[in-house]
>>> print(open('entry_9.tsv').read())   # TSV, C-alpha atoms
chain	number	residue	atom	x	y	z
M	25	MET	CA	0.00	0.00	0.00
M	26	ALA	CA	2.87	2.37	0.74
M	27	ILE	CA	4.38	1.71	-2.68
M	28	ILE	CA	1.23	3.02	-4.43
M	29	ASP	CA	0.51	5.79	-1.88
M	30	ALA	CA	-2.67	4.11	-0.64
M	31	ASP	CA	-2.41	5.84	2.71
M	32	ALA	CA	-4.32	8.17	5.00
M	33	SER	CA	-3.63	11.09	2.68
M	34	ALA	CA	-5.26	9.29	-0.22
M	35	ARG	CA	-8.16	8.16	1.99
M	36	SER	CA	-8.82	11.77	2.97
M	37	LEU	CA	-9.75	12.36	-0.68
M	38	ALA	CA	-11.45	9.12	-1.69
M	39	THR	CA	-12.19	5.72	-0.15
M	40	GLY	CA	-14.29	4.07	-2.83
M	41	GLU	CA	-17.55	4.86	-1.04
M	42	GLY	CA	-20.55	4.09	-3.22
M	43	VAL	CA	-18.48	2.17	-5.78
M	44	ARG	CA	-19.38	-1.47	-6.48
M	45	VAL	CA	-16.46	-3.78	-7.26
M	46	GLY	CA	-17.01	-7.32	-8.44
M	47	VAL	CA	-14.48	-9.97	-7.43
M	48	LEU	CA	-14.66	-12.64	-10.12
M	49	ASP	CA	-12.79	-15.40	-8.36
M	50	SER	CA	-13.09	-18.43	-6.08
M	51	GLY	CA	-15.77	-16.98	-3.84
M	52	ILE	CA	-15.43	-15.11	-0.58
M	53	ASP	CA	-15.54	-15.63	3.16
M	54	ALA	CA	-18.68	-13.68	3.98
M	55	THR	CA	-17.93	-13.83	7.71
M	56	HIS	CA	-14.35	-12.53	7.64
M	57	PRO	CA	-14.11	-9.21	9.55
M	58	ASP	CA	-12.04	-7.65	6.75
M	59	ILE	CA	-14.67	-8.66	4.16
M	60	ALA	CA	-18.12	-8.71	5.78
M	61	PRO	CA	-18.55	-4.94	6.43
M	62	ASN	CA	-18.23	-4.12	2.73
M	63	LEU	CA	-19.81	-7.20	1.16
M	64	ASP	CA	-23.10	-6.93	-0.74
M	65	LEU	CA	-24.23	-10.48	-0.11
M	66	ALA	CA	-27.58	-9.98	-1.83
M	67	ALA	CA	-25.93	-9.09	-5.14
M	68	SER	CA	-23.24	-11.79	-4.88
M	69	CYS	CA	-23.65	-14.97	-6.89
M	70	SER	CA	-22.02	-18.34	-7.60
M	71	PHE	CA	-21.72	-19.39	-11.25
M	72	ILE	CA	-20.51	-22.90	-10.45
M	73	ARG	CA	-23.20	-25.01	-12.07
M	74	PRO	CA	-24.04	-28.72	-11.92
M	75	GLY	CA	-21.50	-30.53	-14.04
M	76	THR	CA	-18.70	-27.99	-13.51
M	77	PRO	CA	-15.49	-30.06	-13.32
M	78	THR	CA	-13.59	-30.13	-10.00
M	79	ALA	CA	-16.45	-28.42	-8.13
M	80	LEU	CA	-17.52	-29.51	-4.66
M	81	PRO	CA	-21.26	-30.10	-4.17
M	82	ALA	CA	-21.39	-27.28	-1.62
M	83	GLU	CA	-20.26	-24.63	-4.13
M	84	ILE	CA	-22.70	-25.56	-6.89
M	85	ALA	CA	-25.62	-23.19	-7.39
M	86	THR	CA	-28.52	-23.17	-9.80
M	87	SER	CA	-29.47	-19.60	-8.91
M	88	CYS	CA	-28.09	-16.59	-7.09
M	89	ASP	CA	-30.34	-17.40	-4.14
M	90	ASN	CA	-27.86	-20.01	-2.90
M	91	LYS	CA	-25.55	-17.81	-0.83
M	92	ALA	CA	-23.88	-20.76	0.89
M	93	ALA	CA	-22.34	-21.64	-2.49
M	94	LEU	CA	-20.25	-18.45	-2.32
M	95	ARG	CA	-17.98	-20.05	0.27
M	96	ASP	CA	-14.32	-19.73	-0.68
M	97	PHE	CA	-12.92	-23.24	-0.43
M	98	TYR	CA	-9.71	-22.22	-2.20
M	99	GLY	CA	-8.91	-18.91	-0.44
M	100	HIS	CA	-7.84	-16.89	-3.44
M	101	GLY	CA	-10.98	-14.76	-3.80
M	102	THR	CA	-10.96	-13.70	-0.15
M	103	HIS	CA	-7.32	-12.58	-0.41
M	104	VAL	CA	-7.99	-10.61	-3.60
M	105	ALA	CA	-11.12	-8.97	-2.19
M	106	SER	CA	-9.30	-7.77	0.92
M	107	ILE	CA	-6.63	-6.04	-1.17
M	108	ILE	CA	-9.37	-4.10	-2.92
M	109	ALA	CA	-11.59	-3.14	-0.02
M	110	ALA	CA	-10.68	-4.39	3.45
M	111	PRO	CA	-12.13	-1.71	5.77
M	112	VAL	CA	-10.13	0.44	8.16
M	113	ASN	CA	-11.32	-1.30	11.31
M	114	GLY	CA	-8.26	-2.03	13.43
M	115	ILE	CA	-8.10	-5.63	12.22
M	116	GLY	CA	-5.67	-7.10	9.73
M	117	ILE	CA	-5.14	-4.86	6.71
M	118	ALA	CA	-6.75	-1.89	4.97
M	119	GLY	CA	-7.64	-2.18	1.29
M	120	VAL	CA	-6.88	0.35	-1.42
M	121	ALA	CA	-10.54	1.46	-1.43
M	122	PRO	CA	-11.64	0.60	2.12
M	123	ASP	CA	-15.22	1.84	1.75
M	124	ALA	CA	-15.97	0.27	-1.63
M	125	THR	CA	-18.75	-2.31	-1.87
M	126	LEU	CA	-17.64	-5.84	-2.75
M	127	VAL	CA	-19.75	-8.17	-4.89
M	128	ALA	CA	-18.57	-11.78	-5.00
M	129	LEU	CA	-18.83	-13.38	-8.45
M	130	LYS	CA	-17.81	-16.99	-7.84
M	131	ALA	CA	-16.50	-18.58	-11.04
M	132	CYS	CA	-13.56	-20.64	-9.72
M	133	THR	CA	-13.84	-24.01	-8.01
M	134	ALA	CA	-12.34	-25.34	-4.82
M	135	GLU	CA	-9.39	-26.64	-6.84
M	136	GLY	CA	-8.76	-23.22	-8.40
M	137	PHE	CA	-10.16	-23.92	-11.88
M	138	CYS	CA	-12.01	-20.98	-13.46
M	139	PHE	CA	-13.76	-22.54	-16.43
M	140	ALA	CA	-14.65	-20.25	-19.32
M	141	ASP	CA	-18.41	-20.83	-19.18
M	142	SER	CA	-18.53	-19.76	-15.52
M	143	VAL	CA	-16.34	-16.73	-16.23
M	144	ALA	CA	-18.55	-15.67	-19.15
M	145	ALA	CA	-21.73	-16.07	-17.09
M	146	ALA	CA	-20.24	-13.97	-14.28
M	147	LEU	CA	-19.24	-11.23	-16.73
M	148	ARG	CA	-22.76	-11.04	-18.14
M	149	TYR	CA	-24.19	-10.89	-14.64
M	150	ALA	CA	-21.77	-8.07	-13.80
M	151	GLY	CA	-23.17	-6.20	-16.78
M	152	ASP	CA	-26.74	-6.84	-15.67
M	153	GLN	CA	-25.85	-5.53	-12.22
M	154	ARG	CA	-24.02	-2.57	-13.79
M	155	LEU	CA	-21.09	-2.96	-11.44
M	156	ASP	CA	-18.46	-0.24	-11.63
M	157	VAL	CA	-15.33	-2.42	-11.66
M	158	VAL	CA	-14.70	-6.16	-11.90
M	159	ASN	CA	-11.37	-7.73	-10.95
M	160	MET	CA	-10.28	-10.96	-12.66
M	161	SER	CA	-7.13	-12.46	-11.15
M	162	LEU	CA	-7.28	-15.57	-13.31
M	163	PHE	CA	-7.05	-17.11	-16.73
M	164	ALA	CA	-10.13	-18.85	-18.07
M	165	ASP	CA	-9.62	-22.61	-18.07
M	166	PRO	CA	-9.02	-25.00	-19.68
M	167	TYR	CA	-6.60	-23.12	-21.99
M	168	LEU	CA	-3.95	-20.60	-21.11
M	169	TYR	CA	-3.77	-19.50	-24.76
M	170	TYR	CA	-6.87	-19.70	-26.95
M	171	CYS	CA	-5.74	-20.08	-30.57
M	172	GLN	CA	-8.09	-18.79	-33.23
M	173	ASN	CA	-7.04	-21.36	-35.82
M	174	GLU	CA	-8.60	-24.05	-33.62
M	175	ALA	CA	-12.39	-24.06	-33.92
M	176	GLY	CA	-13.14	-25.11	-30.36
M	177	GLN	CA	-10.75	-22.62	-28.82
M	178	ARG	CA	-11.96	-19.88	-31.15
M	179	ALA	CA	-15.56	-20.46	-30.06
M	180	ILE	CA	-14.64	-20.20	-26.36
M	181	LEU	CA	-12.63	-17.04	-26.98
M	182	GLN	CA	-15.54	-15.51	-28.89
M	183	GLU	CA	-17.90	-16.27	-26.00
M	184	LEU	CA	-15.54	-14.67	-23.49
M	185	THR	CA	-15.08	-11.65	-25.75
M	186	SER	CA	-18.82	-11.29	-26.17
M	187	ALA	CA	-19.44	-11.52	-22.42
M	188	ALA	CA	-16.73	-8.96	-21.69
M	189	ARG	CA	-18.15	-6.60	-24.29
M	190	TYR	CA	-21.62	-6.99	-22.77
M	191	ALA	CA	-20.29	-5.95	-19.36
M	192	GLN	CA	-18.27	-3.07	-20.79
M	193	GLN	CA	-21.24	-1.72	-22.72
M	194	ARG	CA	-23.05	-1.51	-19.39
M	195	GLY	CA	-20.33	0.57	-17.81
M	196	VAL	CA	-18.18	-2.10	-16.16
M	197	LEU	CA	-14.42	-1.53	-16.07
M	198	LEU	CA	-12.71	-4.91	-16.37
M	199	VAL	CA	-9.31	-5.38	-14.70
M	200	ALA	CA	-7.26	-8.55	-15.21
M	201	SER	CA	-3.96	-10.03	-14.11
M	202	ALA	CA	-1.31	-10.45	-16.80
M	203	GLY	CA	-0.38	-13.95	-15.61
M	204	ASN	CA	2.41	-15.67	-13.72
M	205	GLU	CA	4.09	-17.50	-16.61
M	206	ALA	CA	6.85	-14.92	-17.22
M	207	ASP	CA	5.63	-14.73	-20.84
M	208	ASP	CA	5.90	-11.85	-23.26
M	209	LEU	CA	2.26	-11.80	-24.36
M	210	GLN	CA	3.12	-9.67	-27.39
M	211	HIS	CA	5.57	-12.35	-28.54
M	212	PRO	CA	4.29	-15.69	-27.19
M	213	THR	CA	6.24	-18.83	-27.99
M	214	ILE	CA	5.35	-21.99	-26.06
M	215	ASP	CA	2.28	-23.10	-24.08
M	216	GLU	CA	3.02	-26.16	-21.98
M	217	ILE	CA	-0.01	-26.24	-19.69
M	218	SER	CA	-3.04	-26.34	-22.02
M	219	PRO	CA	-5.49	-27.85	-21.73
M	220	ASP	CA	-5.16	-28.06	-17.97
M	221	TYR	CA	-8.35	-30.11	-17.69
M	222	PRO	CA	-9.01	-33.04	-17.95
M	223	PRO	CA	-5.89	-34.10	-16.07
M	224	ASP	CA	-2.84	-35.17	-18.05
M	225	THR	CA	-4.13	-33.81	-21.37
M	226	ALA	CA	-1.77	-30.83	-21.66
M	227	GLU	CA	0.38	-30.64	-24.77
M	228	THR	CA	3.48	-28.59	-25.44
M	229	ARG	CA	2.56	-26.41	-28.41
M	230	ARG	CA	3.97	-23.42	-30.21
M	231	VAL	CA	1.76	-20.33	-29.95
M	232	ARG	CA	1.78	-17.15	-32.00
M	233	ASN	CA	-0.13	-13.87	-31.97
M	234	ASN	CA	-3.27	-15.60	-33.21
M	235	CYS	CA	-3.43	-17.06	-29.70
M	236	ARG	CA	-4.74	-15.01	-26.79
M	237	VAL	CA	-4.74	-15.29	-23.01
M	238	ALA	CA	-8.21	-14.57	-21.66
M	239	PRO	CA	-9.23	-12.34	-20.02
M	240	ALA	CA	-5.85	-10.54	-20.06
M	241	GLU	CA	-5.92	-10.05	-23.84
M	242	LEU	CA	-9.61	-9.40	-24.33
M	243	PRO	CA	-10.38	-6.01	-25.94
M	244	GLY	CA	-10.74	-3.11	-23.52
M	245	VAL	CA	-9.58	-5.02	-20.45
M	246	VAL	CA	-7.08	-3.21	-18.18
M	247	THR	CA	-4.24	-5.71	-17.83
M	248	VAL	CA	-1.85	-5.49	-14.89
M	249	SER	CA	1.69	-6.82	-14.54
M	250	ALA	CA	3.34	-7.26	-11.14
M	251	THR	CA	6.24	-5.53	-9.44
M	252	GLY	CA	8.21	-6.98	-6.58
M	253	PRO	CA	10.17	-5.11	-3.90
M	254	VAL	CA	13.93	-4.78	-4.23
M	255	GLY	CA	16.03	-3.21	-1.50
M	256	TYR	CA	15.11	-2.56	2.10
M	257	PRO	CA	14.27	-0.13	3.60
M	258	GLY	CA	12.91	2.35	1.06
M	259	TYR	CA	11.73	-0.25	-1.42
M	260	THR	CA	12.33	0.32	-5.10
M	261	THR	CA	10.39	-1.72	-7.62
M	262	VAL	CA	11.27	-4.10	-10.42
M	263	ILE	CA	9.28	-6.52	-12.54
M	264	ALA	CA	8.40	-9.57	-10.44
M	265	GLU	CA	10.26	-12.76	-11.32
M	266	TYR	CA	7.05	-14.51	-12.44
M	267	SER	CA	5.11	-11.66	-14.09
M	268	SER	CA	4.02	-11.89	-17.69
M	269	VAL	CA	4.50	-8.71	-19.70
M	270	GLY	CA	3.82	-7.38	-23.19
M	271	MET	CA	3.79	-4.12	-25.11
M	272	GLY	CA	0.24	-3.27	-26.07
M	273	VAL	CA	-1.09	-5.82	-23.57
M	274	VAL	CA	0.06	-4.55	-20.17
M	275	ASP	CA	-1.66	-1.26	-19.37
M	276	VAL	CA	-0.33	-0.59	-15.86
M	277	THR	CA	1.61	-2.36	-13.14
M	278	ALA	CA	1.05	-2.76	-9.40
M	279	PRO	CA	2.65	-4.55	-6.45
M	280	GLY	CA	2.29	-8.30	-6.66
M	281	GLY	CA	5.05	-9.19	-4.24
M	282	ASP	CA	7.96	-11.55	-4.79
M	283	TYR	CA	8.93	-14.00	-2.04
M	284	PHE	CA	12.48	-13.49	-0.68
M	285	SER	CA	13.33	-10.73	-3.21
M	286	ALA	CA	14.08	-7.84	-0.83
M	287	THR	CA	14.41	-9.03	2.76
M	288	ASP	CA	14.90	-12.76	2.08
M	289	THR	CA	11.58	-13.47	3.78
M	290	VAL	CA	8.05	-14.39	2.77
M	291	GLN	CA	7.00	-10.90	3.87
M	292	ASP	CA	8.24	-9.68	0.48
M	293	ALA	CA	4.84	-10.89	-0.76
M	294	VAL	CA	1.41	-9.26	-0.24
M	295	LEU	CA	-0.54	-9.66	2.99
M	296	GLY	CA	-4.25	-10.31	2.63
M	297	ALA	CA	-7.19	-12.06	4.25
M	298	LEU	CA	-7.69	-15.82	4.04
M	299	PRO	CA	-10.92	-17.63	4.92
M	300	ASN	CA	-11.48	-18.51	8.55
M	301	THR	CA	-13.00	-21.79	7.36
M	302	PRO	CA	-10.73	-24.50	5.91
M	303	SER	CA	-9.28	-23.55	2.52
M	304	VAL	CA	-6.65	-24.88	0.15
M	305	LEU	CA	-4.29	-21.96	0.65
M	306	TRP	CA	-4.42	-21.85	4.44
M	307	ASP	CA	-4.20	-25.63	4.76
M	308	GLY	CA	-1.32	-25.71	2.31
M	309	PHE	CA	0.71	-22.84	3.74
M	310	ASP	CA	0.06	-22.91	7.47
M	311	PRO	CA	1.89	-26.20	8.13
M	312	LEU	CA	4.93	-24.58	6.47
M	313	GLU	CA	5.10	-21.82	9.06
M	314	PRO	CA	8.02	-23.40	10.97
M	315	THR	CA	9.96	-23.49	7.69
M	316	PHE	CA	8.81	-20.08	6.42
M	317	PRO	CA	7.97	-18.09	9.57
M	318	GLY	CA	5.19	-15.59	9.15
M	319	ILE	CA	3.69	-16.82	5.90
M	320	THR	CA	0.37	-17.02	7.77
M	321	VAL	CA	-0.85	-15.00	10.72
M	322	VAL	CA	-3.97	-14.66	12.87
M	323	ASP	CA	-5.16	-11.25	14.04
M	324	GLN	CA	-8.01	-11.14	16.56
M	325	GLY	CA	-9.17	-14.54	15.38
M	326	ALA	CA	-9.07	-13.68	11.67
M	327	ARG	CA	-6.72	-15.43	9.25
M	328	TYR	CA	-4.26	-13.74	6.87
M	329	GLY	CA	-1.44	-14.86	4.62
M	330	PHE	CA	1.35	-13.58	2.39
M	331	LEU	CA	0.81	-14.46	-1.29
M	332	ASN	CA	2.45	-13.18	-4.44
M	333	GLY	CA	1.42	-13.07	-8.09
M	334	THR	CA	-0.24	-10.90	-10.69
M	335	SER	CA	-3.36	-12.09	-8.85
M	336	MET	CA	-2.29	-9.66	-6.14
M	337	SER	CA	-1.28	-6.80	-8.49
M	338	ALA	CA	-4.61	-6.65	-10.34
M	339	PRO	CA	-6.73	-5.90	-7.22
M	340	HIS	CA	-4.40	-3.03	-6.30
M	341	ALA	CA	-5.25	-1.52	-9.70
M	342	ALA	CA	-8.95	-2.32	-9.30
M	343	GLY	CA	-8.94	-0.54	-5.95
M	344	VAL	CA	-7.34	2.54	-7.47
M	345	ALA	CA	-9.96	2.44	-10.25
M	346	ALA	CA	-12.65	2.48	-7.54
M	347	LEU	CA	-11.18	5.73	-6.18
M	348	ILE	CA	-11.39	7.25	-9.65
M	349	VAL	CA	-15.01	6.15	-10.02
M	350	GLU	CA	-15.91	7.70	-6.68
M	351	ARG	CA	-14.45	11.05	-7.71
M	352	ASN	CA	-15.97	10.86	-11.20
M	353	PRO	CA	-19.22	8.91	-10.92
M	354	GLY	CA	-20.49	9.81	-14.37
M	355	TRP	CA	-17.46	8.65	-16.29
M	356	ALA	CA	-17.62	5.85	-18.83
M	357	GLN	CA	-15.43	2.83	-18.16
M	358	GLY	CA	-13.01	3.90	-20.89
M	359	ALA	CA	-12.47	7.25	-19.20
M	360	VAL	CA	-11.77	5.52	-15.89
M	361	ALA	CA	-9.19	3.28	-17.60
M	362	ALA	CA	-7.54	6.32	-19.16
M	363	ALA	CA	-7.36	8.05	-15.78
M	364	LEU	CA	-5.84	4.94	-14.20
M	365	GLU	CA	-3.03	5.15	-16.75
M	366	ARG	CA	-2.70	8.94	-16.58
M	367	THR	CA	-2.29	8.99	-12.81
M	368	ALA	CA	0.22	6.11	-12.78
M	369	THR	CA	3.89	6.74	-11.98
M	370	PRO	CA	5.94	6.00	-15.12
M	371	LEU	CA	8.60	3.32	-14.70
M	372	ALA	CA	11.35	3.07	-17.27
M	373	CYS	CA	12.78	-0.23	-18.40
M	374	PRO	CA	15.33	-1.39	-15.81
M	375	VAL	CA	18.77	-0.96	-17.37
M	376	ASP	CA	20.38	-3.83	-15.47
M	377	TRP	CA	17.57	-6.36	-15.77
M	378	GLN	CA	18.43	-9.86	-16.92
M	379	PRO	CA	16.05	-12.72	-17.78
M	380	ILE	CA	15.93	-15.61	-15.34
M	381	ASP	CA	17.34	-18.00	-17.93
M	382	GLU	CA	17.47	-18.55	-21.68
M	383	ASP	CA	13.95	-19.97	-21.67
M	384	ASP	CA	12.50	-16.79	-20.15
M	385	ASP	CA	10.29	-15.24	-22.85
M	386	ARG	CA	10.96	-11.82	-21.36
M	387	GLN	CA	14.36	-11.46	-23.01
M	388	ARG	CA	14.20	-7.69	-22.82
M	389	CYS	CA	12.04	-4.74	-21.82
M	390	TYR	CA	11.12	-2.51	-24.76
M	391	GLY	CA	9.33	0.79	-25.18
M	392	SER	CA	9.81	4.27	-23.73
M	393	ALA	CA	10.35	5.59	-20.24
M	394	ASN	CA	6.65	6.51	-20.14
M	395	HIS	CA	5.19	3.34	-21.64
M	396	ASN	CA	6.87	-0.01	-22.04
M	397	SER	CA	6.35	-3.74	-22.20
M	398	PHE	CA	7.05	-4.42	-18.52
M	399	PHE	CA	5.07	-1.67	-16.80
M	400	GLY	CA	2.68	-0.22	-19.35
M	401	ALA	CA	1.93	3.38	-18.36
M	402	GLY	CA	3.48	2.81	-14.95
M	403	LEU	CA	2.77	1.98	-11.32
M	404	VAL	CA	-0.78	2.78	-10.23
M	405	ASN	CA	-0.97	5.58	-7.68
M	406	ALA	CA	-3.86	5.89	-5.23
M	407	ALA	CA	-3.04	9.43	-4.08
M	408	ARG	CA	-3.02	10.91	-7.58
M	409	ALA	CA	-6.12	8.96	-8.54
M	410	ALA	CA	-7.93	10.13	-5.41
M	411	ALA	CA	-6.98	13.71	-6.14
M	412	GLY	CA	-9.21	13.54	-9.18
>>> encode(input="entry_9.tsv", output="structure tokens")
Amino acid sequence: MAIIDADASARSLATGEGVRVGVLDSGIDATHPDIAPNLDLAASCSFIRPGTPTALPAEIATSCDNKAALRDFYGHGTHVASIIAAPVNGIGIAGVAPDATLVALKACTAEGFCFADSVAAALRYAGDQRLDVVNMSLFADPYLYYCQNEAGQRAILQELTSAARYAQQRGVLLVASAGNEADDLQHPTIDEISPDYPPDTAETRRVRNNCRVAPAELPGVVTVSATGPVGYPGYTTVIAEYSSVGMGVVDVTAPGGDYFSATDTVQDAVLGALPNTPSVLWDGFDPLEPTFPGITVVDQGARYGFLNGTSMSAPHAAGVAALIVERNPGWAQGAVAAALERTATPLACPVDWQPIDEDDDRQRCYGSANHNSFFGAGLVNAARAAAG
């Protein structure tokens, strides 16, 4: 939050009050004290339908009336939501827009799969609800890249594009994570993980620019890369080790964290809420605490954890967008996106940056000091956005 000036000074100007932000993710812990005060439970909905692969029976819903199905069995959605709008209440953390209203749009299963039909249904619902902002820290399964020369993949991509357009035409600003594959989305080369369902069906395939990551490369979507901290104290920022990039794809960047990159601890990641009920992330990380001290923490009975990824950078940008909407309630979603870029802090290509290895698609950063493949228009800034 300090890196993007999401502090008391920014909150004196805007807090996201009256702005509705959809969290298209794995659900939400409706009882968590850093979620519940800002959650619109009535408007929230699960789009996990009968027959959705990897879904637990308890998260399947045939209508939005089933609020129990919103439960976050994975933990990801709760973490993302808290980055956007955890209230200032003396517990845990404060979100970028601590008075914004959260709407849970559950499209990801307990195993973390976000199948395209559920994502598309959630996007259309967001349009029907005329939400202000929707955050998507995901890629739509089962493909990482949807290639338009393949009929089946082309049809799925068209459905996702249509659903996104529907939401955008109804005033919804869509924000998406760039991905954690360290790819250059402008110059993709190899996809080794698609399809990721059914199990053991993935094929290594060469991909070109006729292949798109969705939703990151859908038209009009604000796509966010991730920075990690380098140096302590007085953090400076650099592209995170895992972050995908791409000129013309990445619009802005935001903190996503990067384990062990600055202080050699897990606290170099992003702290956020985790469900108080059993979840994949808590159950997976908490037993590691003796090995990685502090990766999870409990504050006044509420659970939190340090995670990193473009999943964490996107909600920082979505929160800043909520501040812009509050200050400019009549603006179209395109104007909000433009303001998000205009108020960002430009970051030039790092002169001493080196790819992780020869297989890293990000062989170089290209573009200008004001707009480049790593950082887009720059690091989102809550204070400048809140200033109007």
>>> atom_distance(input="entry_9.tsv", atom1="CA of Gln210 in chain M", atom2="CA of Gly280 in chain M")
20.8 Å
>>> closest_residue(input="entry_9.tsv", among="M:Ser268, M:Asn352, M:Thr228, M:Gln153", to="Ala191 in chain M", atoms="all atoms listed in the file")
M:Gln153
>>> atom_distance(input="entry_9.tsv", atom1="CA of Arg366 in chain M", atom2="CA of Thr247 in chain M")
14.8 Å
>>> closest_residue(input="entry_9.tsv", among="M:Val246, M:Ile52, M:Leu168, M:Leu181", to="Asp215 in chain M", atoms="all atoms listed in the file")
M:Leu168
>>> closest_residue(input="entry_9.tsv", among="M:His211, M:Arg35, M:Arg236, M:Arg189", to="Pro111 in chain M", atoms="only C-alpha atoms")
M:Arg35
>>> closest_residue(input="entry_9.tsv", among="M:Cys69, M:Cys132, M:Ala372, M:Ala118", to="Ala26 in chain M", atoms="only C-alpha atoms")
M:Ala118
>>> closest_residue(input="entry_9.tsv", among="M:Asn332, M:Thr102, M:Thr86, M:Ser201", to="Gln291 in chain M", atoms="all atoms listed in the file")
M:Asn332
>>> atom_distance(input="entry_9.tsv", atom1="CA of Thr133 in chain M", atom2="CA of Ala79 in chain M")
5.1 Å
>>> closest_residue(input="entry_9.tsv", among="M:Gln193, M:Ser68, M:Thr213, M:Ser50", to="Arg154 in chain M", atoms="only C-alpha atoms")
M:Gln193
>>> residues_around(input="entry_9.tsv", residues="range 292-306 of chain M", least_positions_apart="3", cutoff="6 Å", atoms="only C-alpha atoms", output="ChimeraX atom specification")
/M:53,97-99,102-103,106,281-284,309-310,327-332
>>> residues_around(input="entry_9.tsv", residues="Leu197 in chain M", least_positions_apart="4", cutoff="7 Å", atoms="all atoms listed in the file", output="list in words")
Asp156, Val157, Val158, Gln192 and Gln357 of chain M
>>> closest_atom_pairs(input="entry_9.tsv", of="range 259-366 of chain M", to="range 122-129 of chain M", cutoff="12 Å", atoms="all atoms listed in the file", output="tab-separated table")
residue	atom	partner	partner_atom	distance
M:Pro339	CA	M:Leu126	CA	11.8
M:His340	CA	M:Pro122	CA	11.7
M:Ala342	CA	M:Ala124	CA	10.7
M:Gly343	CA	M:Ala124	CA	8.3
M:Val344	CA	M:Ala124	CA	10.7
M:Ala345	CA	M:Ala124	CA	10.7
M:Ala346	CA	M:Ala124	CA	7.1
M:Leu347	CA	M:Ala124	CA	8.6
M:Ile348	CA	M:Ala124	CA	11.6
M:Val349	CA	M:Ala124	CA	10.3
M:Glu350	CA	M:Ala124	CA	9.0
>>> residues_around(input="entry_9.tsv", residues="Gly272 in chain M", least_positions_apart="3", cutoff="8 Å", atoms="only C-alpha atoms", output="list in words")
Gln210, Asp275, Ser397 and Gly400 of chain M
>>> residues_around(input="entry_9.tsv", residues="Asn159 in chain M", least_positions_apart="3", cutoff="6 Å", atoms="all atoms listed in the file", output="compact mmCIF listing (two decimals) with C-alpha atoms, keeping the file's coordinate frame")
# COMPACT_ATOMS: atom_id res chain seq x y z
CA VAL M 47 -14.48 -9.97 -7.43
CA LEU M 48 -14.66 -12.64 -10.12
CA VAL M 199 -9.31 -5.38 -14.70
CA ALA M 200 -7.26 -8.55 -15.21
>>> residues_around(input="entry_9.tsv", residues="His395 in chain M", least_positions_apart="2", cutoff="12 Å", atoms="only C-alpha atoms", output="list in words")
Gly270, Met271, Gly272, Val273, Val274, Asp275, Val276, Thr277, Glu365, Arg366, Ala368, Thr369, Pro370, Leu371, Ala372, Cys373, Cys389, Tyr390, Gly391, Ser392, Ala393, Ser397, Phe398, Phe399, Gly400, Ala401, Gly402 and Leu403 of chain M
>>> write_last_selection(input="entry_9.tsv", atoms="C-alpha atoms", output="PDB file, in the coordinates of the input")
ATOM      1  CA  GLY M 270       3.820  -7.380 -23.190  1.00  0.00           C
ATOM      2  CA  MET M 271       3.790  -4.120 -25.110  1.00  0.00           C
ATOM      3  CA  GLY M 272       0.240  -3.270 -26.070  1.00  0.00           C
ATOM      4  CA  VAL M 273      -1.090  -5.820 -23.570  1.00  0.00           C
ATOM      5  CA  VAL M 274       0.060  -4.550 -20.170  1.00  0.00           C
ATOM      6  CA  ASP M 275      -1.660  -1.260 -19.370  1.00  0.00           C
ATOM      7  CA  VAL M 276      -0.330  -0.590 -15.860  1.00  0.00           C
ATOM      8  CA  THR M 277       1.610  -2.360 -13.140  1.00  0.00           C
ATOM      9  CA  GLU M 365      -3.030   5.150 -16.750  1.00  0.00           C
ATOM     10  CA  ARG M 366      -2.700   8.940 -16.580  1.00  0.00           C
ATOM     11  CA  ALA M 368       0.220   6.110 -12.780  1.00  0.00           C
ATOM     12  CA  THR M 369       3.890   6.740 -11.980  1.00  0.00           C
ATOM     13  CA  PRO M 370       5.940   6.000 -15.120  1.00  0.00           C
ATOM     14  CA  LEU M 371       8.600   3.320 -14.700  1.00  0.00           C
ATOM     15  CA  ALA M 372      11.350   3.070 -17.270  1.00  0.00           C
ATOM     16  CA  CYS M 373      12.780  -0.230 -18.400  1.00  0.00           C
ATOM     17  CA  CYS M 389      12.040  -4.740 -21.820  1.00  0.00           C
ATOM     18  CA  TYR M 390      11.120  -2.510 -24.760  1.00  0.00           C
ATOM     19  CA  GLY M 391       9.330   0.790 -25.180  1.00  0.00           C
ATOM     20  CA  SER M 392       9.810   4.270 -23.730  1.00  0.00           C
ATOM     21  CA  ALA M 393      10.350   5.590 -20.240  1.00  0.00           C
ATOM     22  CA  SER M 397       6.350  -3.740 -22.200  1.00  0.00           C
ATOM     23  CA  PHE M 398       7.050  -4.420 -18.520  1.00  0.00           C
ATOM     24  CA  PHE M 399       5.070  -1.670 -16.800  1.00  0.00           C
ATOM     25  CA  GLY M 400       2.680  -0.220 -19.350  1.00  0.00           C
ATOM     26  CA  ALA M 401       1.930   3.380 -18.360  1.00  0.00           C
ATOM     27  CA  GLY M 402       3.480   2.810 -14.950  1.00  0.00           C
ATOM     28  CA  LEU M 403       2.770   1.980 -11.320  1.00  0.00           C
TER      29      LEU M 403
END
>>> axis_aligned_box(input="entry_9.tsv", around="range 173-183 of chain M", padding_each_side="8 Å", output="AutoDock Vina command-line options")
--center_x -12.5 --center_y -20.3 --center_z -30.9 --size_x 26.9 --size_y 25.6 --size_z 25.8
>>> residues_near_point(input="entry_9.tsv", point="(-31.5, -23.8, -8.0)", cutoff="12 Å", atoms="all atoms listed in the file", output="PyMOL selection string")
chain M and resi 69-74+83-91+93
